[in-house]
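Dumped query09.txt below, it's compact mmCIF, C-alpha atoms:
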# COMPACT_ATOMS: atom_id res chain seq x y z
CA MET A 1 -21.62 -19.79 -9.18
CA ILE A 2 -21.56 -16.26 -10.55
CA SER A 3 -17.79 -16.37 -11.00
CA GLU A 4 -18.00 -19.47 -13.21
CA TRP A 5 -20.77 -17.97 -15.35
CA LEU A 6 -18.87 -14.69 -15.63
CA SER A 7 -15.62 -16.48 -16.53
CA ALA A 8 -17.35 -18.37 -19.35
CA ALA A 9 -19.03 -15.20 -20.63
CA LEU A 10 -15.73 -13.31 -20.63
CA ALA A 11 -13.88 -16.21 -22.30
CA ARG A 12 -16.26 -15.96 -25.26
CA ARG A 13 -15.02 -12.37 -25.64
CA ASN A 14 -11.38 -13.43 -25.14
CA ILE A 15 -11.17 -11.65 -21.77
CA HIS A 16 -9.32 -13.41 -18.97
CA TYR A 17 -11.01 -13.67 -15.57
CA GLY A 18 -7.82 -12.32 -14.01
CA TRP A 19 -9.00 -8.83 -14.96
CA VAL A 20 -12.15 -9.38 -12.89
CA MET A 21 -9.83 -10.20 -9.99
CA VAL A 22 -7.99 -6.95 -10.62
CA GLY A 23 -11.29 -5.06 -10.61
CA VAL A 24 -12.62 -6.52 -7.37
CA THR A 25 -9.23 -6.20 -5.66
CA PHE A 26 -8.96 -2.58 -6.85
CA LEU A 27 -12.40 -1.86 -5.34
CA THR A 28 -11.40 -3.54 -2.08
CA ALA A 29 -8.12 -1.62 -1.84
CA LEU A 30 -9.84 1.64 -2.83
CA ILE A 31 -12.44 1.42 -0.06
CA SER A 32 -9.98 0.03 2.49
CA ALA A 33 -7.69 3.00 1.83
CA GLY A 34 -10.63 5.29 2.51
CA ALA A 35 -11.25 3.46 5.80
CA VAL A 36 -7.58 3.78 6.76
CA GLY A 37 -7.52 7.52 6.07
CA ALA A 38 -11.03 8.36 7.29
CA PRO A 39 -10.21 8.73 11.03
CA GLY A 40 -7.97 11.69 10.22
CA VAL A 41 -11.07 13.60 9.09
CA PHE A 42 -12.76 12.98 12.44
CA ILE A 43 -10.05 14.25 14.80
CA VAL A 44 -11.54 17.72 15.34
CA PRO A 45 -15.18 16.52 15.64
CA LEU A 46 -14.10 13.95 18.25
CA GLN A 47 -12.22 16.64 20.14
CA ASN A 48 -15.27 18.88 20.14
CA GLU A 49 -17.69 16.15 21.23
CA PHE A 50 -15.66 14.19 23.76
CA GLY A 51 -12.89 16.57 24.79
CA TRP A 52 -10.13 14.16 23.79
CA THR A 53 -6.75 15.69 22.93
CA THR A 54 -5.04 15.38 19.57
CA ALA A 55 -2.32 13.25 21.19
CA GLU A 56 -4.89 10.84 22.62
CA ILE A 57 -6.68 10.43 19.29
CA SER A 58 -3.39 10.18 17.40
CA SER A 59 -2.20 7.39 19.69
CA ALA A 60 -5.10 5.23 18.47
CA LEU A 61 -4.22 6.02 14.86
CA SER A 62 -0.57 5.17 15.57
CA ILE A 63 -1.57 1.73 16.84
CA ARG A 64 -3.45 1.21 13.58
CA LEU A 65 -0.44 2.16 11.45
CA VAL A 66 1.94 -0.12 13.36
CA LEU A 67 -0.42 -3.09 13.07
CA PHE A 68 -0.97 -2.32 9.39
CA GLY A 69 2.73 -2.98 8.77
CA VAL A 70 3.42 -5.74 11.30
CA MET A 71 0.44 -7.80 10.08
CA ALA A 72 1.71 -7.95 6.48
CA PRO A 73 3.77 -11.18 6.59
CA PHE A 74 1.13 -12.94 8.70
CA ALA A 75 -1.59 -11.67 6.35
CA ALA A 76 0.25 -13.39 3.51
CA ALA A 77 0.28 -16.63 5.50
CA LEU A 78 -3.46 -16.24 6.14
CA LEU A 79 -4.09 -15.75 2.41
CA ASN A 80 -2.10 -18.86 1.57
CA ARG A 81 -3.80 -20.95 4.27
CA PHE A 82 -7.44 -19.86 4.00
CA GLY A 83 -7.69 -18.35 0.52
CA LEU A 84 -8.03 -14.88 -0.94
CA ARG A 85 -11.80 -14.64 -0.76
CA ASN A 86 -12.16 -15.88 2.82
CA VAL A 87 -9.44 -13.66 4.25
CA THR A 88 -10.42 -10.55 2.28
CA LEU A 89 -14.07 -10.94 3.21
CA SER A 90 -13.14 -11.43 6.88
CA ALA A 91 -10.92 -8.34 6.78
CA LEU A 92 -13.64 -6.12 5.30
CA LEU A 93 -16.26 -7.36 7.76
CA THR A 94 -13.85 -6.88 10.68
CA VAL A 95 -13.20 -3.25 9.75
CA ALA A 96 -16.89 -2.55 9.04
CA THR A 97 -17.96 -4.08 12.36
CA ALA A 98 -15.45 -1.99 14.30
CA LEU A 99 -16.60 1.20 12.58
CA VAL A 100 -20.29 0.42 13.13
CA ILE A 101 -19.72 -0.21 16.85
CA SER A 102 -17.67 3.00 17.09
CA LEU A 103 -20.77 5.00 16.15
CA ALA A 104 -21.86 4.50 19.77
CA MET A 105 -18.48 4.91 21.49
CA THR A 106 -18.13 7.40 24.35
CA LYS A 107 -14.83 6.41 26.02
CA LEU A 108 -11.23 6.85 24.90
CA TRP A 109 -10.41 3.18 25.49
CA GLN A 110 -13.15 2.27 23.03
CA LEU A 111 -11.46 4.43 20.39
CA MET A 112 -8.15 2.70 21.13
CA VAL A 113 -9.64 -0.77 20.78
CA LEU A 114 -11.91 -0.13 17.79
CA TRP A 115 -9.98 2.35 15.62
CA GLY A 116 -6.54 1.27 16.81
CA LEU A 117 -6.47 -2.47 17.45
CA VAL A 118 -9.41 -3.87 15.45
CA VAL A 119 -9.16 -1.58 12.39
CA GLY A 120 -5.37 -2.02 12.41
CA VAL A 121 -5.67 -5.81 12.34
CA GLY A 122 -8.51 -5.73 9.79
CA THR A 123 -6.73 -3.48 7.30
CA GLY A 124 -3.45 -5.29 7.91
CA MET A 125 -5.03 -8.63 6.93
CA THR A 126 -4.78 -7.55 3.30
CA ALA A 127 -2.55 -4.44 3.00
CA LEU A 128 -0.29 -4.49 -0.07
CA VAL A 129 0.16 -8.25 0.08
CA LEU A 130 -3.31 -8.86 -1.40
CA GLY A 131 -2.33 -7.11 -4.63
CA ALA A 132 1.00 -8.94 -4.65
CA THR A 133 -0.78 -12.27 -4.25
CA VAL A 134 -3.32 -11.58 -7.00
CA SER A 135 -0.60 -10.52 -9.44
CA ALA A 136 1.62 -13.52 -8.65
CA ARG A 137 -1.14 -16.15 -8.87
CA TRP A 138 -3.32 -14.83 -11.67
CA PHE A 139 -0.79 -13.26 -14.06
CA ALA A 140 2.25 -14.67 -15.81
CA ALA A 141 2.35 -11.59 -18.07
CA ARG A 142 1.49 -7.96 -17.25
CA ARG A 143 2.32 -8.69 -13.61
CA GLY A 144 4.04 -5.35 -13.05
CA LEU A 145 1.13 -3.43 -14.58
CA VAL A 146 -1.31 -5.24 -12.28
CA VAL A 147 0.76 -4.41 -9.20
CA GLY A 148 0.93 -0.78 -10.34
CA ILE A 149 -2.85 -0.55 -10.74
CA LEU A 150 -3.58 -2.18 -7.39
CA THR A 151 -0.94 -0.15 -5.55
CA ALA A 152 -2.22 3.11 -7.03
CA SER A 153 -5.69 2.35 -5.69
CA ALA A 154 -4.50 3.24 -2.18
CA ALA A 155 -3.78 6.83 -3.18
CA THR A 156 -6.96 6.98 -5.22
CA GLY A 157 -9.02 5.82 -2.24
CA GLN A 158 -7.89 8.73 -0.15
CA LEU A 159 -8.41 11.18 -3.01
CA VAL A 160 -11.94 9.91 -3.66
CA PHE A 161 -13.24 9.49 -0.14
CA LEU A 162 -11.48 12.01 2.12
CA PRO A 163 -12.90 15.18 0.50
CA LEU A 164 -16.37 13.60 0.50
CA LEU A 165 -16.07 12.49 4.13
CA ALA A 166 -14.79 15.90 5.17
CA SER A 167 -17.75 17.60 3.46
CA LEU A 168 -20.29 15.24 5.05
CA THR A 169 -18.66 15.66 8.46
CA GLU A 170 -18.86 19.44 8.23
CA ARG A 171 -22.52 19.45 7.13
CA MET A 172 -24.06 16.43 8.84
CA GLY A 173 -21.63 15.20 11.50
CA TRP A 174 -18.96 12.53 11.75
CA ARG A 175 -21.42 9.67 12.36
CA VAL A 176 -23.11 10.19 8.99
CA ALA A 177 -19.75 10.23 7.21
CA LEU A 178 -18.62 7.12 9.08
CA GLY A 179 -21.92 5.41 8.23
CA LEU A 180 -21.22 6.02 4.53
CA MET A 181 -17.80 4.42 4.94
CA CYS A 182 -19.41 1.36 6.56
CA GLY A 183 -21.84 1.08 3.65
CA MET A 184 -19.00 1.21 1.13
CA LEU A 185 -17.16 -1.54 3.01
CA GLY A 186 -20.33 -3.61 2.68
CA VAL A 187 -20.36 -3.02 -1.09
CA ALA A 188 -16.73 -4.17 -1.32
CA ALA A 189 -17.54 -7.27 0.77
CA LEU A 190 -20.41 -8.18 -1.56
CA GLY A 191 -18.11 -7.83 -4.59
CA VAL A 192 -15.53 -10.09 -2.96
CA LEU A 193 -18.16 -12.68 -2.05
CA LEU A 194 -19.55 -12.85 -5.58
CA ALA A 195 -16.46 -12.49 -7.78
CA MET A 196 -13.19 -13.21 -5.95
CA ARG A 197 -11.64 -16.67 -6.40
CA ASP A 198 -8.39 -18.03 -5.02
CA ARG A 199 -6.62 -19.31 -8.15
CA PRO A 200 -7.15 -19.49 -11.93
CA SER A 201 -7.76 -23.23 -11.66
CA ASP A 202 -10.93 -22.44 -9.64
CA VAL A 203 -12.53 -21.22 -12.88
CA GLY A 204 -10.74 -23.69 -15.17
CA LEU A 205 -7.99 -21.31 -16.37
CA ARG A 206 -4.26 -20.88 -16.39
CA PRO A 207 -2.71 -17.55 -15.33
CA PHE A 208 -3.04 -14.72 -17.84
CA GLY A 209 -0.17 -14.95 -20.33
CA ASP A 210 0.50 -18.64 -19.61
CA GLU A 211 0.11 -20.43 -22.93
CA GLY A 212 -0.40 -23.94 -21.54
CA ASN A 213 -3.45 -25.94 -22.58
CA GLU A 214 -4.67 -27.35 -19.25
CA PRO A 215 -5.42 -25.50 -15.99
CA LEU A 216 -2.60 -25.68 -13.48
CA PRO A 217 -3.49 -28.02 -10.61
CA ALA A 218 -4.00 -26.30 -7.28
CA PRO A 219 -1.11 -26.87 -4.84
CA PRO A 220 -1.68 -29.22 -1.89
CA PRO A 221 -3.69 -27.67 0.95
CA ASN A 222 -1.53 -25.44 3.12
CA THR A 223 -1.89 -26.73 6.66
CA ALA A 224 1.20 -25.07 8.15
CA PRO A 225 0.52 -22.93 11.23
CA ILE A 226 0.29 -19.22 10.37
CA MET A 227 3.19 -18.24 12.61
CA ALA A 228 5.38 -21.06 11.29
CA ALA A 229 4.64 -20.17 7.65
CA ALA A 230 5.45 -16.49 8.13
CA LEU A 231 8.60 -17.07 10.18
CA GLY A 232 9.70 -19.93 7.91
CA ALA A 233 9.53 -17.64 4.90
CA LEU A 234 11.63 -15.07 6.77
CA ARG A 235 14.17 -17.70 7.77
CA ASP A 236 14.64 -18.90 4.20
CA ALA A 237 14.57 -15.44 2.61
CA ALA A 238 17.04 -14.06 5.15
CA LYS A 239 19.69 -16.44 3.77
CA THR A 240 19.70 -14.54 0.47
CA ARG A 241 21.36 -11.25 -0.36
CA VAL A 242 18.48 -10.05 -2.54
CA PHE A 243 16.06 -10.12 0.42
CA TRP A 244 18.22 -7.84 2.52
CA ILE A 245 18.75 -5.45 -0.39
CA LEU A 246 15.01 -5.22 -1.02
CA PHE A 247 14.32 -4.93 2.73
CA ALA A 248 16.85 -2.11 3.12
CA THR A 249 15.66 -0.20 0.07
CA PHE A 250 12.01 -0.53 1.14
CA PHE A 251 12.99 0.69 4.62
CA ILE A 252 14.38 3.78 2.92
CA CYS A 253 11.26 3.97 0.75
CA GLY A 254 9.05 4.17 3.84
CA ALA A 255 11.35 6.66 5.50
CA SER A 256 11.26 8.99 2.49
CA THR A 257 7.49 8.79 1.88
CA ASN A 258 4.97 7.90 4.59
CA GLY A 259 7.20 8.72 7.53
CA LEU A 260 8.55 12.01 6.22
CA ILE A 261 6.39 13.64 3.55
CA GLN A 262 2.99 12.33 4.64
CA VAL A 263 3.55 13.18 8.31
CA HIS A 264 5.75 16.27 8.26
CA LEU A 265 5.35 18.13 4.96
CA ILE A 266 2.35 20.16 6.15
CA PRO A 267 3.94 21.33 9.44
CA MET A 268 7.17 22.14 7.59
CA CYS A 269 5.20 24.25 5.11
CA LEU A 270 3.61 26.06 8.07
CA ASP A 271 7.12 26.87 9.30
CA PHE A 272 7.66 28.69 5.99
CA GLY A 273 4.38 30.60 6.17
CA ILE A 274 2.35 28.40 3.81
CA PRO A 275 -1.32 27.97 4.89
CA GLN A 276 -2.43 24.50 5.94
CA VAL A 277 -5.09 24.25 3.22
CA GLN A 278 -2.52 25.01 0.53
CA ALA A 279 -0.09 22.48 2.03
CA ALA A 280 -2.83 19.83 2.12
CA GLY A 281 -3.58 20.62 -1.52
CA LEU A 282 0.07 19.92 -2.26
CA LEU A 283 -0.32 16.40 -0.84
CA ALA A 284 -3.50 15.91 -2.88
CA ALA A 285 -1.64 16.92 -6.04
CA MET A 286 1.06 14.40 -5.21
CA GLY A 287 -1.65 11.76 -4.96
CA VAL A 288 -2.85 12.55 -8.48
CA PHE A 289 0.65 12.30 -9.93
CA ASP A 290 1.27 9.17 -7.84
CA PHE A 291 -1.66 7.39 -9.50
CA VAL A 292 -0.16 8.06 -12.94
CA GLY A 293 3.40 7.31 -11.86
CA THR A 294 2.64 4.02 -10.14
CA ILE A 295 0.64 2.59 -13.03
CA GLY A 296 3.37 3.78 -15.41
CA SER A 297 5.93 2.07 -13.20
CA GLY A 298 3.99 -1.18 -13.44
CA TRP A 299 3.95 -0.91 -17.23
CA LEU A 300 7.70 -0.27 -17.28
CA SER A 301 8.47 -3.12 -14.89
CA ASP A 302 7.00 -5.61 -17.37
CA ARG A 303 9.40 -4.39 -20.07
CA TYR A 304 12.67 -3.33 -18.50
CA ASP A 305 15.17 -4.57 -15.94
CA ASN A 306 13.56 -3.92 -12.55
CA ARG A 307 16.93 -3.35 -10.88
CA TYR A 308 17.62 -0.35 -13.10
CA LEU A 309 14.09 0.98 -12.60
CA LEU A 310 14.66 0.96 -8.84
CA PHE A 311 17.99 2.67 -9.36
CA TRP A 312 16.34 5.54 -11.23
CA TYR A 313 13.32 5.76 -8.91
CA TYR A 314 15.35 6.02 -5.73
CA GLY A 315 17.94 8.27 -7.33
CA LEU A 316 15.37 10.73 -8.68
CA ARG A 317 13.45 10.71 -5.41
CA GLY A 318 16.64 11.50 -3.54
CA LEU A 319 17.39 14.42 -5.84
CA SER A 320 13.86 15.78 -5.42
CA LEU A 321 14.15 15.69 -1.61
CA LEU A 322 17.53 17.41 -1.76
CA PHE A 323 16.02 19.99 -4.11
CA LEU A 324 13.01 20.83 -1.90
CA PRO A 325 14.79 23.12 0.61
CA PHE A 326 16.13 25.17 -2.32
CA THR A 327 12.66 25.88 -3.78
CA ASN A 328 12.26 28.78 -1.33
CA PHE A 329 8.83 27.20 -0.86
CA SER A 330 7.44 29.31 -3.65
CA PHE A 331 4.27 28.30 -5.50
CA TYR A 332 6.19 27.30 -8.61
CA GLY A 333 8.94 25.54 -6.71
CA LEU A 334 6.50 23.49 -4.65
CA SER A 335 4.38 22.72 -7.70
CA LEU A 336 7.45 21.36 -9.49
CA PHE A 337 8.34 19.30 -6.43
CA ALA A 338 4.78 17.93 -6.12
CA MET A 339 4.77 16.82 -9.75
CA PHE A 340 8.28 15.34 -9.75
CA TYR A 341 8.06 13.67 -6.33
CA GLY A 342 4.44 12.57 -6.79
CA LEU A 343 5.25 10.59 -9.92
CA ASP A 344 7.82 8.68 -7.84
CA TRP A 345 5.84 8.37 -4.57
CA ILE A 346 5.25 4.60 -4.60
CA ALA A 347 6.58 3.78 -8.06
CA THR A 348 9.08 1.50 -6.29
CA VAL A 349 6.36 -1.04 -5.39
CA PRO A 350 5.80 -2.77 -8.79
CA PRO A 351 9.49 -3.55 -9.48
CA THR A 352 10.02 -4.60 -5.86
CA VAL A 353 7.07 -7.02 -6.01
CA ARG A 354 8.18 -8.33 -9.40
CA LEU A 355 11.73 -8.97 -8.19
CA THR A 356 10.33 -10.73 -5.12
CA ALA A 357 8.17 -13.01 -7.27
CA GLN A 358 11.07 -13.77 -9.60
CA ARG A 359 13.46 -14.68 -6.80
CA PHE A 360 11.14 -16.52 -4.40
CA GLY A 361 8.37 -17.94 -6.64
CA PRO A 362 4.67 -17.07 -6.92
CA GLU A 363 3.52 -19.15 -3.93
CA ARG A 364 5.96 -17.58 -1.45
CA ALA A 365 6.19 -14.13 -3.02
CA ASN A 366 3.48 -12.66 -0.82
CA LEU A 367 5.04 -14.05 2.37
CA VAL A 368 8.46 -12.63 1.55
CA PHE A 369 7.01 -9.34 0.33
CA GLY A 370 5.08 -9.12 3.61
CA TRP A 371 8.40 -8.98 5.49
CA ILE A 372 9.80 -6.49 3.01
CA PHE A 373 6.70 -4.33 3.53
CA ALA A 374 7.22 -4.57 7.30
CA GLY A 375 10.62 -2.99 6.64
CA HIS A 376 8.82 -0.19 4.78
CA GLN A 377 6.68 0.58 7.84
CA LEU A 378 9.68 0.43 10.17
CA GLY A 379 11.38 2.99 7.96
CA ALA A 380 8.26 5.16 8.05
CA ALA A 381 8.11 5.03 11.85
CA THR A 382 11.82 5.84 12.14
CA ALA A 383 11.54 8.87 9.86
CA ALA A 384 8.37 10.12 11.55
CA PHE A 385 10.13 10.12 14.91
CA GLY A 386 13.47 11.37 13.56
CA ALA A 387 11.99 14.32 11.69
CA GLY A 388 9.95 15.30 14.74
CA LEU A 389 13.11 15.10 16.86
CA SER A 390 14.95 17.31 14.36
CA ARG A 391 12.17 19.91 14.55
CA THR A 392 12.19 19.84 18.37
CA VAL A 393 15.94 19.89 18.95
CA LEU A 394 17.17 21.92 15.96
CA ALA A 395 13.99 23.95 15.30
CA THR A 396 14.01 22.87 11.64
CA TYR A 397 12.98 19.90 9.52
CA LEU A 398 15.65 20.48 6.89
CA PRO A 399 18.27 18.02 8.27
CA ALA A 400 15.67 15.23 8.10
CA PHE A 401 14.91 16.02 4.45
CA PHE A 402 18.61 16.14 3.55
CA ALA A 403 19.16 12.81 5.34
CA ALA A 404 16.23 11.18 3.52
CA GLY A 405 17.53 12.45 0.18
CA ALA A 406 20.97 11.02 0.89
CA LEU A 407 19.49 7.67 1.95
CA CYS A 408 17.58 7.46 -1.34
CA ILE A 409 20.85 7.89 -3.23
CA VAL A 410 22.29 5.03 -1.16
CA ALA A 411 19.23 2.89 -1.97
CA ALA A 412 19.69 3.61 -5.67
CA LEU A 413 23.27 2.38 -5.54
CA ILE A 414 22.67 -0.81 -3.58
CA THR A 415 19.90 -1.94 -5.97
CA LEU A 416 22.67 -2.44 -8.52
CA ALA A 417 24.09 -5.14 -6.23
CA ILE A 418 21.13 -7.40 -7.08
CA SER A 419 22.46 -10.01 -9.48
CA ARG A 420 20.75 -10.64 -12.79
CA LEU A 421 18.93 -13.95 -13.07
CA PRO A 422 20.06 -16.02 -16.05
CA LYS A 423 16.40 -17.05 -16.42
CA PRO A 424 13.59 -15.66 -14.21
CA VAL A 425 11.68 -18.13 -12.08
CA VAL A 426 8.44 -16.54 -13.35
CA ALA A 427 8.24 -15.07 -16.83
Mind converting the file's structure to structure tokens?
Amino acid sequence: MISEWLSAALARRNIHYGWVMVGVTFLTALISAGAVGAPGVFIVPLQNEFGWTTAEISSALSIRLVLFGVMAPFAAALLNRFGLRNVTLSALLTVATALVISLAMTKLWQLMVLWGLVVGVGTGMTALVLGATVSARWFAARRGLVVGILTASAATGQLVFLPLLASLTERMGWRVALGLMCGMLGVAALGVLLAMRDRPSDVGLRPFGDEGNEPLPAPPPNTAPIMAAALGALRDAAKTRVFWILFATFFICGASTNGLIQVHLIPMCLDFGIPQVQAAGLLAAMGVFDFVGTIGSGWLSDRYDNRYLLFWYYGLRGLSLLFLPFTNFSFYGLSLFAMFYGLDWIATVPPTVRLTAQRFGPERANLVFGWIFAGHQLGAATAAFGAGLSRTVLATYLPAFFAAGALCIVAALITLAISRLPKPVVA
């Protein structure tokens, strides 16, 4: 197979095949992120062509977001049962098929089923747990850096594809732009088919950084039912204090990022007289700084105590959110916020994944992290609703931003309650 030939060729140059896994997973996450964000570009064209309201279109996108989070622990069980390549390939083909069929849709229920249900399940089959699984299985060293790179690809995907899709939509129509997205999903699927393998032992290797002489034997085939594997991991993890600390802090992470800033920053800027294009540019700038900050966080998580990294990340994020209302929403104030907050946007992911792998082992790390990620999405949904309620009832978003800032300070403090391991389970 190509993977075996490539592994041998790279070994002669002292390059571990794990970095090929990082490359193909990065490509998959990059294009999947574009597919997740792409429907937002098509809202106005769909309104113009079919007469659907923003609320009706948004309801389909909401279904997708909920499934994206809820699927995470079950996606981890699927990866463990059927393998990385099989599940990732199935996920990409599921999303591509739904998007291809949607080129001919004419009814609102078709949008709900295709862009809501099917795309939600397809993207949720990998989500962040794919990167967590690759880092845990293929890397004994540089694990935090790998998680940082693969996590940052989500922001990069939106930065790369959304401006291009928006330009194509404006000039040639939404179907042409969606067709390009389908083609890119096909490219990612081909890369997965040719290069992705389940474990280092599949190409005769040990994990990167593992100095043993013989390949680690593959674990016995996982025949546990998907539901039982996911719920069993939750049952066992829920008996530990570290799980609930990581779940609570990731809940706050979602509430202070996706649910608050991603959903409500633009309308809040409009309340202060800032044009929508400028506000959207602010989010794009955050994405650029996020790419740098998340990879940097991965590098740091390999070298320093991850508990203290989380303490600083949540604490600094909380201070930035508390600072935002006092910027007077000036150009310089918002620019400073975008840089400071952007560097910290999802920097919490690498140390959270690394702590999960240390405490629960590489084979169950993705299952447990799937439940922790579900907490992230629950926090996002709570903040999205709560901030909207604040705007409706109090005519201002500011209480929601103050509350999120305070919660981040709480998250910073409770991370210190995670006990230090005398010797990590995984180096």
**Study point:** Nearest residue to Thr25 (chain A) from the set A:Met196, A:Val113, A:Ala381, A:Met105 (distances using all atoms listed in the file)
**Key:** A:Met196
Go through region 325-355 of chain A and flag each residue having an atom no more than 12 Å from region 127-138 of chain A; for those, report the closest pair of atoms plus their distance in Å to one decimal, using only C-alpha atoms, ordered by chain and rising number, as CSV.
residue,atom,partner,partner_atom,distance
A:Ile346,CA,A:Leu128,CA,11.6
A:Val349,CA,A:Leu128,CA,9.2
A:Pro350,CA,A:Ala132,CA,8.8
A:Pro351,CA,A:Ala132,CA,11.2
A:Thr352,CA,A:Ala132,CA,10.1
A:Val353,CA,A:Ala132,CA,6.5
A:Arg354,CA,A:Ala136,CA,8.4
A:Leu355,CA,A:Ala136,CA,11.1
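For the choices A:Ile295, A:Leu334, A:Ala395, A:Ile372, the atom-to-atom distance to Asp271 (chain A) is smallest for A:Ala395 when using all atoms listed in the file.
The two atoms in question, CA of Arg391 (chain A) and CA of Ile266 (chain A), are spaced 12.9 Å apart.
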Point to revise | Neighbour list for Tyr313 (chain A) as a PyMOL selection string, cut-off 9 Å, all atoms listed in the file, skip fewer than 2 positions in-chain | key: chain A and resi 308-311+315-318+344+347-348+408+412
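The gap separating CA of Gly375 (chain A) from CA of Phe247 (chain A) is 5.7 Å, in Å to one decimal.
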So that I can see what lies close to region 63-75 of chain A, please list as a short mmCIF file (atom, residue, chain, number, x, y, z; two decimals) with C-alpha atoms, in the frame of the given file the residues with an atom at most 8 Å from it, counting all atoms listed in the file and leaving out residues fewer than 2 positions away in the same chain.
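New file around-v9.cif:
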data_model
loop_
_atom_site.label_atom_id
_atom_site.label_comp_id
_atom_site.auth_asym_id
_atom_site.auth_seq_id
_atom_site.Cartn_x
_atom_site.Cartn_y
_atom_site.Cartn_z
CA SER A 59 -2.20 7.39 19.69
CA ALA A 60 -5.10 5.23 18.47
CA LEU A 61 -4.22 6.02 14.86
CA ALA A 77 0.28 -16.63 5.50
CA LEU A 78 -3.46 -16.24 6.14
CA LEU A 79 -4.09 -15.75 2.41
CA MET A 112 -8.15 2.70 21.13
CA TRP A 115 -9.98 2.35 15.62
CA GLY A 116 -6.54 1.27 16.81
CA LEU A 117 -6.47 -2.47 17.45
CA VAL A 119 -9.16 -1.58 12.39
CA GLY A 120 -5.37 -2.02 12.41
CA VAL A 121 -5.67 -5.81 12.34
CA THR A 123 -6.73 -3.48 7.30
CA GLY A 124 -3.45 -5.29 7.91
CA MET A 125 -5.03 -8.63 6.93
CA THR A 126 -4.78 -7.55 3.30
CA ALA A 127 -2.55 -4.44 3.00
CA LEU A 128 -0.29 -4.49 -0.07
CA VAL A 129 0.16 -8.25 0.08
CA ILE A 226 0.29 -19.22 10.37
CA MET A 227 3.19 -18.24 12.61
CA ALA A 230 5.45 -16.49 8.13
CA ASN A 366 3.48 -12.66 -0.82
CA LEU A 367 5.04 -14.05 2.37
CA VAL A 368 8.46 -12.63 1.55
CA PHE A 369 7.01 -9.34 0.33
CA GLY A 370 5.08 -9.12 3.61
CA TRP A 371 8.40 -8.98 5.49
CA PHE A 373 6.70 -4.33 3.53
CA ALA A 374 7.22 -4.57 7.30
CA HIS A 376 8.82 -0.19 4.78
CA GLN A 377 6.68 0.58 7.84
CA LEU A 378 9.68 0.43 10.17
#
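Straight-line separation from CA of Pro267 (chain A) to CA of Leu324 (chain A): 14.5 Å.
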Closest atom pairs, region 326-354 of chain A residues within 12 Å of region 286-289 of chain A, all atoms listed in the file, as CSV:
residue,atom,partner,partner_atom,distance
A:Leu334,CA,A:Met286,CA,10.6
A:Ser335,CA,A:Met286,CA,9.3
A:Leu336,CA,A:Met286,CA,10.4
A:Phe337,CA,A:Met286,CA,8.9
A:Ala338,CA,A:Met286,CA,5.2
A:Met339,CA,A:Phe289,CA,6.1
A:Phe340,CA,A:Phe289,CA,8.2
A:Tyr341,CA,A:Met286,CA,7.1
A:Gly342,CA,A:Met286,CA,4.2
A:Leu343,CA,A:Phe289,CA,4.9
A:Asp344,CA,A:Phe289,CA,8.3
A:Trp345,CA,A:Met286,CA,7.7
A:Ile346,CA,A:Gly287,CA,10.0
A:Ala347,CA,A:Phe289,CA,10.5
Using only C-alpha atoms, please write the residues we just selected to a file, as a PDB file, keeping the file's coordinate frame.
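As written to disk, part-v9.pdb reads:
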ATOM      1  CA  LEU A 334       6.500  23.490  -4.650  1.00  0.00           C
ATOM      2  CA  SER A 335       4.380  22.720  -7.700  1.00  0.00           C
ATOM      3  CA  LEU A 336       7.450  21.360  -9.490  1.00  0.00           C
ATOM      4  CA  PHE A 337       8.340  19.300  -6.430  1.00  0.00           C
ATOM      5  CA  ALA A 338       4.780  17.930  -6.120  1.00  0.00           C
ATOM      6  CA  MET A 339       4.770  16.820  -9.750  1.00  0.00           C
ATOM      7  CA  PHE A 340       8.280  15.340  -9.750  1.00  0.00           C
ATOM      8  CA  TYR A 341       8.060  13.670  -6.330  1.00  0.00           C
ATOM      9  CA  GLY A 342       4.440  12.570  -6.790  1.00  0.00           C
ATOM     10  CA  LEU A 343       5.250  10.590  -9.920  1.00  0.00           C
ATOM     11  CA  ASP A 344       7.820   8.680  -7.840  1.00  0.00           C
ATOM     12  CA  TRP A 345       5.840   8.370  -4.570  1.00  0.00           C
ATOM     13  CA  ILE A 346       5.250   4.600  -4.600  1.00  0.00           C
ATOM     14  CA  ALA A 347       6.580   3.780  -8.060  1.00  0.00           C
TER      15      ALA A 347
END
Would you mind completing region 169-174 of chain A so that it carries N, CA and C atoms, and writing it out as a short mmCIF file (atom, residue, chain, number, x, y, z; two decimals), in the coordinates of the input?
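And here's selection-v6.cif as it stands now:
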data_model
loop_
_atom_site.label_atom_id
_atom_site.label_comp_id
_atom_site.auth_asym_id
_atom_site.auth_seq_id
_atom_site.Cartn_x
_atom_site.Cartn_y
_atom_site.Cartn_z
N THR A 169 -18.91 15.41 7.05
CA THR A 169 -18.66 15.66 8.46
C THR A 169 -19.00 17.10 8.82
N GLU A 170 -18.61 18.02 7.96
CA GLU A 170 -18.86 19.44 8.23
C GLU A 170 -20.36 19.76 8.21
N ARG A 171 -21.10 19.11 7.30
CA ARG A 171 -22.52 19.45 7.13
C ARG A 171 -23.45 18.62 7.99
N MET A 172 -23.10 17.33 8.20
CA MET A 172 -24.06 16.43 8.84
C MET A 172 -23.50 15.68 10.04
N GLY A 173 -22.21 15.85 10.34
CA GLY A 173 -21.63 15.20 11.50
C GLY A 173 -20.80 13.98 11.14
N TRP A 174 -19.90 13.60 12.05
CA TRP A 174 -18.96 12.53 11.75
C TRP A 174 -19.64 11.16 11.68
#
